[in-house]
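Have a look at the structure below, then the notes.
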Amino acid sequence: MITGEYRVSSGPEVDARRPLGGDSKGDARTYPEGPLTGRECARSPTTKAAAMRVYVPLTLSGLAEAYKTGELGAVPLVAYAVTPALREWYLSDDIEELEYAALNRAALASLRLLAADPGAARRRVVVAVDVPDGAAAADPDRGLDPAALGEVRVTAAVRLAKAAAVHVDLDEAEADVAAAAEALEAADRGDDDAQFVVDGAEDHELLWYATQEIPNLVGLGD
């Protein structure tokens, strides 16, 4: 188990806004409005009141399966959100900062999925989706467990069509993500060198993609 405070990586500022239908490698062009960083894109506007933003960790193969079935996975679904424990851990009332922390917690969970699936593409994937209040809850017995910060269980089926956005590593992150996935088990045992390798993946910003771009991301586009 990794102990101590988890670092929230700000990563390099990359403009992740791209025209719909572009390729899946991202676009670092500068737009008049200025760059959209990972911290800024952690939240897309919600469309309904009384909703909770959750971040669901996946792999690209898991995202492809969700695209085919229309659902993010079997319930209860593990996700990450701004929980009371996460607020207390990060000592912040800034909702954007806290949601960015929840996004990074989900990215670490995605890395764990990659470690368990050697055949999956070495890119972390997180789906942001709003669920009704009450549909997601944290385990009260693990409230201040550092390994469970922000973790919730979603008890209702979540349609991929309801997703607000998808956050995915660029291709150029694959080598560092692959090394981090391989080092994760040793890092959990307290190996400082392995933890340094795991932290290297966090230096890569997850880019924001509109849900219309999912077919291109998973290789099922026209």
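Residues are referred to by chain and number: the chain letter is A, B, ... according to the order shown in the structure tokens, the number counts from 1 in that chain, and ligands are numbered separately from 1 in the order shown.
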Which of segment 42-190 of chain A fall in helix (DSSP H, G or I), as an MDAnalysis selection string: chainID A and resid 60:69 84:90 95:116 140:142 146:148 160:162 171:188
Proximity check segment 83-190 of chain A to segment 199-216 of chain A, 8 Å, nearest pairs one decimal Å, only C-alpha atoms, as JSON lines:
```
{"residue": "A:Arg124", "atom": "CA", "partner": "A:Leu206", "partner_atom": "CA", "distance": 7.7}
{"residue": "A:Val125", "atom": "CA", "partner": "A:Leu206", "partner_atom": "CA", "distance": 8.0}
{"residue": "A:Ala161", "atom": "CA", "partner": "A:Thr211", "partner_atom": "CA", "distance": 7.8}
{"residue": "A:Ala163", "atom": "CA", "partner": "A:Thr211", "partner_atom": "CA", "distance": 6.9}
{"residue": "A:Ala164", "atom": "CA", "partner": "A:Thr211", "partner_atom": "CA", "distance": 6.9}
{"residue": "A:Ala165", "atom": "CA", "partner": "A:Ala210", "partner_atom": "CA", "distance": 5.1}
{"residue": "A:Val166", "atom": "CA", "partner": "A:Tyr209", "partner_atom": "CA", "distance": 5.1}
{"residue": "A:His167", "atom": "CA", "partner": "A:Trp208", "partner_atom": "CA", "distance": 4.7}
{"residue": "A:Val168", "atom": "CA", "partner": "A:Leu206", "partner_atom": "CA", "distance": 5.0}
{"residue": "A:Asp169", "atom": "CA", "partner": "A:Leu206", "partner_atom": "CA", "distance": 4.8}
{"residue": "A:Leu170", "atom": "CA", "partner": "A:Leu207", "partner_atom": "CA", "distance": 7.1}
{"residue": "A:Ala173", "atom": "CA", "partner": "A:His204", "partner_atom": "CA", "distance": 6.4}
{"residue": "A:Asp176", "atom": "CA", "partner": "A:Ala201", "partner_atom": "CA", "distance": 5.4}
{"residue": "A:Val177", "atom": "CA", "partner": "A:Ala201", "partner_atom": "CA", "distance": 5.1}
{"residue": "A:Ala180", "atom": "CA", "partner": "A:Ala201", "partner_atom": "CA", "distance": 6.1}
```
Atom CA of Asp145 of chain A to atom CA of Arg122 of chain A, straight-line distance in Å: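 So the answer is 27.5 Å.
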Contacts of Pro118 of chain A at 12 Å (only C-alpha atoms; same-chain gap of 3+ positions) as an MDAnalysis selection string: chainID A and resid 59 61 111:115 121:123 177:179 181:182
Residues from the last selection, N, CA and C atoms, saved as a PDB file, in the first residue's frame:
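Below you can see part.pdb, which holds the result:
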```
ATOM      1  N   THR A  59      -9.538   1.250 -19.016  1.00  0.00           N
ATOM      2  CA  THR A  59      -8.449   1.128 -19.977  1.00  0.00           C
ATOM      3  C   THR A  59      -9.056   1.389 -21.352  1.00  0.00           C
ATOM      4  N   SER A  61      -9.215  -0.704 -23.777  1.00  0.00           N
ATOM      5  CA  SER A  61     -10.031  -1.872 -24.116  1.00  0.00           C
ATOM      6  C   SER A  61     -11.340  -1.852 -23.335  1.00  0.00           C
ATOM      7  N   LEU A 111      -4.245   3.073 -13.747  1.00  0.00           N
ATOM      8  CA  LEU A 111      -2.912   2.466 -13.813  1.00  0.00           C
ATOM      9  C   LEU A 111      -2.933   1.071 -13.196  1.00  0.00           C
ATOM     10  N   ARG A 112      -3.685   0.899 -12.121  1.00  0.00           N
ATOM     11  CA  ARG A 112      -3.799  -0.421 -11.496  1.00  0.00           C
ATOM     12  C   ARG A 112      -4.507  -1.405 -12.434  1.00  0.00           C
ATOM     13  N   LEU A 113      -5.490  -0.928 -13.165  1.00  0.00           N
ATOM     14  CA  LEU A 113      -6.150  -1.793 -14.142  1.00  0.00           C
ATOM     15  C   LEU A 113      -5.163  -2.227 -15.224  1.00  0.00           C
ATOM     16  N   LEU A 114      -4.294  -1.317 -15.635  1.00  0.00           N
ATOM     17  CA  LEU A 114      -3.282  -1.656 -16.637  1.00  0.00           C
ATOM     18  C   LEU A 114      -2.296  -2.685 -16.086  1.00  0.00           C
ATOM     19  N   ALA A 115      -1.926  -2.533 -14.817  1.00  0.00           N
ATOM     20  CA  ALA A 115      -0.996  -3.484 -14.207  1.00  0.00           C
ATOM     21  C   ALA A 115      -1.589  -4.891 -14.187  1.00  0.00           C
ATOM     22  N   ALA A 121      -3.539  -1.472 -23.976  1.00  0.00           N
ATOM     23  CA  ALA A 121      -2.680  -0.358 -24.386  1.00  0.00           C
ATOM     24  C   ALA A 121      -2.264   0.427 -23.154  1.00  0.00           C
ATOM     25  N   ARG A 122      -1.003   0.843 -23.107  1.00  0.00           N
ATOM     26  CA  ARG A 122      -0.452   1.495 -21.919  1.00  0.00           C
ATOM     27  C   ARG A 122      -0.824   2.977 -21.867  1.00  0.00           C
ATOM     28  N   ARG A 123      -2.108   3.249 -21.814  1.00  0.00           N
ATOM     29  CA  ARG A 123      -2.619   4.616 -21.687  1.00  0.00           C
ATOM     30  C   ARG A 123      -3.743   4.604 -20.660  1.00  0.00           C
ATOM     31  N   VAL A 177       3.998   5.226 -18.723  1.00  0.00           N
ATOM     32  CA  VAL A 177       2.855   4.548 -18.111  1.00  0.00           C
ATOM     33  C   VAL A 177       3.129   3.050 -18.008  1.00  0.00           C
ATOM     34  N   ALA A 178       3.743   2.477 -19.038  1.00  0.00           N
ATOM     35  CA  ALA A 178       4.088   1.054 -19.008  1.00  0.00           C
ATOM     36  C   ALA A 178       5.061   0.761 -17.867  1.00  0.00           C
ATOM     37  N   ALA A 179       6.069   1.619 -17.715  1.00  0.00           N
ATOM     38  CA  ALA A 179       7.039   1.427 -16.635  1.00  0.00           C
ATOM     39  C   ALA A 179       6.370   1.570 -15.274  1.00  0.00           C
ATOM     40  N   ALA A 181       3.190   0.994 -14.516  1.00  0.00           N
ATOM     41  CA  ALA A 181       2.339  -0.167 -14.259  1.00  0.00           C
ATOM     42  C   ALA A 181       3.171  -1.350 -13.778  1.00  0.00           C
ATOM     43  N   GLU A 182       4.353  -1.504 -14.355  1.00  0.00           N
ATOM     44  CA  GLU A 182       5.230  -2.611 -13.967  1.00  0.00           C
ATOM     45  C   GLU A 182       5.801  -2.399 -12.568  1.00  0.00           C
TER      46      GLU A 182
END
```
Who sits within 12 Å of segment 140-142 of chain A, only C-alpha atoms, same chain under 3 positions skipped, as number ranges by chain: A: 83-86, 137, 145-153
Filtering to N, CA and C atoms, could you give me those residues as a PDB file, in the first residue's frame?
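The result, written out as result-v3.pdb:
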```
ATOM      1  N   THR A  83     -15.271  13.422  -2.054  1.00  0.00           N
ATOM      2  CA  THR A  83     -15.887  12.905  -0.831  1.00  0.00           C
ATOM      3  C   THR A  83     -15.428  13.744   0.362  1.00  0.00           C
ATOM      4  N   PRO A  84     -16.109  13.635   1.501  1.00  0.00           N
ATOM      5  CA  PRO A  84     -15.642  14.362   2.694  1.00  0.00           C
ATOM      6  C   PRO A  84     -14.204  14.023   3.062  1.00  0.00           C
ATOM      7  N   ALA A  85     -13.821  12.751   2.916  1.00  0.00           N
ATOM      8  CA  ALA A  85     -12.450  12.357   3.249  1.00  0.00           C
ATOM      9  C   ALA A  85     -11.443  13.011   2.313  1.00  0.00           C
ATOM     10  N   LEU A  86     -11.783  13.105   1.025  1.00  0.00           N
ATOM     11  CA  LEU A  86     -10.868  13.736   0.082  1.00  0.00           C
ATOM     12  C   LEU A  86     -10.732  15.224   0.389  1.00  0.00           C
ATOM     13  N   ALA A 137     -21.710   6.274  -3.242  1.00  0.00           N
ATOM     14  CA  ALA A 137     -21.416   6.444  -1.819  1.00  0.00           C
ATOM     15  C   ALA A 137     -20.046   5.874  -1.503  1.00  0.00           C
ATOM     16  N   ASP A 145      -8.663   6.034   4.893  1.00  0.00           N
ATOM     17  CA  ASP A 145      -7.635   5.150   4.352  1.00  0.00           C
ATOM     18  C   ASP A 145      -7.040   5.829   3.116  1.00  0.00           C
ATOM     19  N   PRO A 146      -5.731   6.156   3.116  1.00  0.00           N
ATOM     20  CA  PRO A 146      -5.143   6.851   1.964  1.00  0.00           C
ATOM     21  C   PRO A 146      -5.362   6.120   0.647  1.00  0.00           C
ATOM     22  N   ALA A 147      -5.438   4.795   0.693  1.00  0.00           N
ATOM     23  CA  ALA A 147      -5.631   4.031  -0.538  1.00  0.00           C
ATOM     24  C   ALA A 147      -7.045   4.154  -1.085  1.00  0.00           C
ATOM     25  N   ALA A 148      -7.977   4.654  -0.271  1.00  0.00           N
ATOM     26  CA  ALA A 148      -9.380   4.723  -0.695  1.00  0.00           C
ATOM     27  C   ALA A 148      -9.887   6.152  -0.790  1.00  0.00           C
ATOM     28  N   LEU A 149      -8.997   7.137  -0.763  1.00  0.00           N
ATOM     29  CA  LEU A 149      -9.433   8.531  -0.817  1.00  0.00           C
ATOM     30  C   LEU A 149     -10.232   8.806  -2.089  1.00  0.00           C
ATOM     31  N   GLY A 150     -11.423   9.331  -1.920  1.00  0.00           N
ATOM     32  CA  GLY A 150     -12.260   9.680  -3.056  1.00  0.00           C
ATOM     33  C   GLY A 150     -12.988   8.512  -3.683  1.00  0.00           C
ATOM     34  N   GLU A 151     -12.728   7.298  -3.226  1.00  0.00           N
ATOM     35  CA  GLU A 151     -13.346   6.124  -3.851  1.00  0.00           C
ATOM     36  C   GLU A 151     -14.814   6.015  -3.462  1.00  0.00           C
ATOM     37  N   VAL A 152     -15.650   5.763  -4.450  1.00  0.00           N
ATOM     38  CA  VAL A 152     -17.078   5.567  -4.216  1.00  0.00           C
ATOM     39  C   VAL A 152     -17.542   4.345  -5.003  1.00  0.00           C
ATOM     40  N   ARG A 153     -18.703   3.840  -4.625  1.00  0.00           N
ATOM     41  CA  ARG A 153     -19.355   2.769  -5.368  1.00  0.00           C
ATOM     42  C   ARG A 153     -20.639   3.337  -5.967  1.00  0.00           C
TER      43      ARG A 153
END
```
Secondary structure check, strand (DSSP E) residues of segment 88-212 of chain A, as a PDB file with N, CA and C atoms, in the first residue's frame:
```
ATOM      1  N   VAL A 125      -7.106   5.803 -18.773  1.00  0.00           N
ATOM      2  CA  VAL A 125      -8.389   6.305 -19.263  1.00  0.00           C
ATOM      3  C   VAL A 125      -9.297   6.578 -18.070  1.00  0.00           C
ATOM      4  N   VAL A 126      -9.921   7.744 -18.061  1.00  0.00           N
ATOM      5  CA  VAL A 126     -10.890   8.099 -17.022  1.00  0.00           C
ATOM      6  C   VAL A 126     -12.107   8.719 -17.702  1.00  0.00           C
ATOM      7  N   VAL A 127     -13.285   8.226 -17.358  1.00  0.00           N
ATOM      8  CA  VAL A 127     -14.530   8.774 -17.897  1.00  0.00           C
ATOM      9  C   VAL A 127     -15.202   9.613 -16.815  1.00  0.00           C
ATOM     10  N   ALA A 128     -15.515  10.863 -17.142  1.00  0.00           N
ATOM     11  CA  ALA A 128     -16.221  11.753 -16.221  1.00  0.00           C
ATOM     12  C   ALA A 128     -17.710  11.693 -16.527  1.00  0.00           C
ATOM     13  N   VAL A 129     -18.509  11.462 -15.501  1.00  0.00           N
ATOM     14  CA  VAL A 129     -19.952  11.334 -15.706  1.00  0.00           C
ATOM     15  C   VAL A 129     -20.681  11.836 -14.469  1.00  0.00           C
ATOM     16  N   ASP A 130     -21.848  12.408 -14.666  1.00  0.00           N
ATOM     17  CA  ASP A 130     -22.678  12.865 -13.554  1.00  0.00           C
ATOM     18  C   ASP A 130     -23.727  11.809 -13.245  1.00  0.00           C
ATOM     19  N   VAL A 131     -23.827  11.445 -11.976  1.00  0.00           N
ATOM     20  CA  VAL A 131     -24.827  10.470 -11.542  1.00  0.00           C
ATOM     21  C   VAL A 131     -25.736  11.139 -10.522  1.00  0.00           C
ATOM     22  N   PRO A 132     -26.953  10.648 -10.354  1.00  0.00           N
ATOM     23  CA  PRO A 132     -27.859  11.261  -9.375  1.00  0.00           C
ATOM     24  C   PRO A 132     -27.288  11.189  -7.965  1.00  0.00           C
ATOM     25  N   ALA A 136     -24.107   7.208  -5.647  1.00  0.00           N
ATOM     26  CA  ALA A 136     -22.708   6.894  -5.349  1.00  0.00           C
ATOM     27  C   ALA A 136     -22.440   7.177  -3.881  1.00  0.00           C
ATOM     28  N   ALA A 137     -21.710   6.274  -3.242  1.00  0.00           N
ATOM     29  CA  ALA A 137     -21.416   6.444  -1.819  1.00  0.00           C
ATOM     30  C   ALA A 137     -20.046   5.874  -1.503  1.00  0.00           C
ATOM     31  N   GLU A 151     -12.728   7.298  -3.226  1.00  0.00           N
ATOM     32  CA  GLU A 151     -13.346   6.124  -3.851  1.00  0.00           C
ATOM     33  C   GLU A 151     -14.814   6.015  -3.462  1.00  0.00           C
ATOM     34  N   VAL A 152     -15.650   5.763  -4.450  1.00  0.00           N
ATOM     35  CA  VAL A 152     -17.078   5.567  -4.216  1.00  0.00           C
ATOM     36  C   VAL A 152     -17.542   4.345  -5.003  1.00  0.00           C
ATOM     37  N   ARG A 153     -18.703   3.840  -4.625  1.00  0.00           N
ATOM     38  CA  ARG A 153     -19.355   2.769  -5.368  1.00  0.00           C
ATOM     39  C   ARG A 153     -20.639   3.337  -5.967  1.00  0.00           C
ATOM     40  N   VAL A 154     -20.785   3.182  -7.279  1.00  0.00           N
ATOM     41  CA  VAL A 154     -21.988   3.635  -7.972  1.00  0.00           C
ATOM     42  C   VAL A 154     -22.915   2.434  -8.090  1.00  0.00           C
ATOM     43  N   ALA A 163     -21.989  10.275 -20.281  1.00  0.00           N
ATOM     44  CA  ALA A 163     -20.673  10.785 -19.901  1.00  0.00           C
ATOM     45  C   ALA A 163     -20.501  12.230 -20.339  1.00  0.00           C
ATOM     46  N   ALA A 164     -19.785  12.996 -19.521  1.00  0.00           N
ATOM     47  CA  ALA A 164     -19.508  14.395 -19.845  1.00  0.00           C
ATOM     48  C   ALA A 164     -18.257  14.526 -20.705  1.00  0.00           C
ATOM     49  N   ALA A 165     -17.274  13.656 -20.462  1.00  0.00           N
ATOM     50  CA  ALA A 165     -16.003  13.731 -21.189  1.00  0.00           C
ATOM     51  C   ALA A 165     -15.192  12.485 -20.889  1.00  0.00           C
ATOM     52  N   VAL A 166     -14.128  12.311 -21.673  1.00  0.00           N
ATOM     53  CA  VAL A 166     -13.183  11.222 -21.457  1.00  0.00           C
ATOM     54  C   VAL A 166     -11.790  11.834 -21.353  1.00  0.00           C
ATOM     55  N   HIS A 167     -11.000  11.342 -20.408  1.00  0.00           N
ATOM     56  CA  HIS A 167      -9.632  11.825 -20.210  1.00  0.00           C
ATOM     57  C   HIS A 167      -8.675  10.674 -20.506  1.00  0.00           C
ATOM     58  N   VAL A 168      -7.720  10.892 -21.423  1.00  0.00           N
ATOM     59  CA  VAL A 168      -6.851   9.812 -21.897  1.00  0.00           C
ATOM     60  C   VAL A 168      -5.426  10.330 -22.061  1.00  0.00           C
ATOM     61  N   LEU A 207      -5.448  14.116 -21.300  1.00  0.00           N
ATOM     62  CA  LEU A 207      -6.105  15.089 -22.152  1.00  0.00           C
ATOM     63  C   LEU A 207      -7.611  14.860 -22.189  1.00  0.00           C
ATOM     64  N   TRP A 208      -8.328  15.942 -22.384  1.00  0.00           N
ATOM     65  CA  TRP A 208      -9.792  15.926 -22.436  1.00  0.00           C
ATOM     66  C   TRP A 208     -10.257  15.614 -23.850  1.00  0.00           C
ATOM     67  N   TYR A 209     -11.221  14.699 -23.951  1.00  0.00           N
ATOM     68  CA  TYR A 209     -11.839  14.381 -25.239  1.00  0.00           C
ATOM     69  C   TYR A 209     -13.354  14.430 -25.093  1.00  0.00           C
TER      70      TYR A 209
END
```
Residue nearest Val158 of chain A - candidates A:Asp193, A:Glu65, A:Glu71, A:Asp139, atoms counted: only C-alpha atoms: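 Result for the nearest residue to Val158 of chain A: A:Glu71.
Atom CA of Leu63 of chain A is positioned 7.1 Å from atom CA of Val218 of chain A.
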Using only C-alpha atoms: which of A:Ala120, A:Ala175, A:Leu108, A:Val56 has the shortest distance to Leu160 of chain A: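 Under the stated criterion, the closest residue is A:Val56.
If you count only C-alpha atoms and ignore residues fewer than 2 places along the chain from Tyr55 of chain A, what sits within 9 Å of it is Arg53, Pro57, Val78, Ala79, Tyr80, Ala81, Glu99, Ala102, Leu103, Arg105, Ala106, Ala107, Val126, Val127, Ala128, Val129 and Asp130 of chain A.
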Counting only C-alpha atoms, the residue of A:Ala186, A:Leu77, A:Leu60, A:Ala116 that sits nearest Thr155 of chain A: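 Residue with the minimum atom-to-atom distance to Thr155 of chain A: A:Leu77.
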Between atom CA of Ala101 of chain A and atom CA of Trp89 of chain A - distance in Å to one decimal: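 Atom CA of Trp89 of chain A sits 10.4 Å away from atom CA of Ala101 of chain A.
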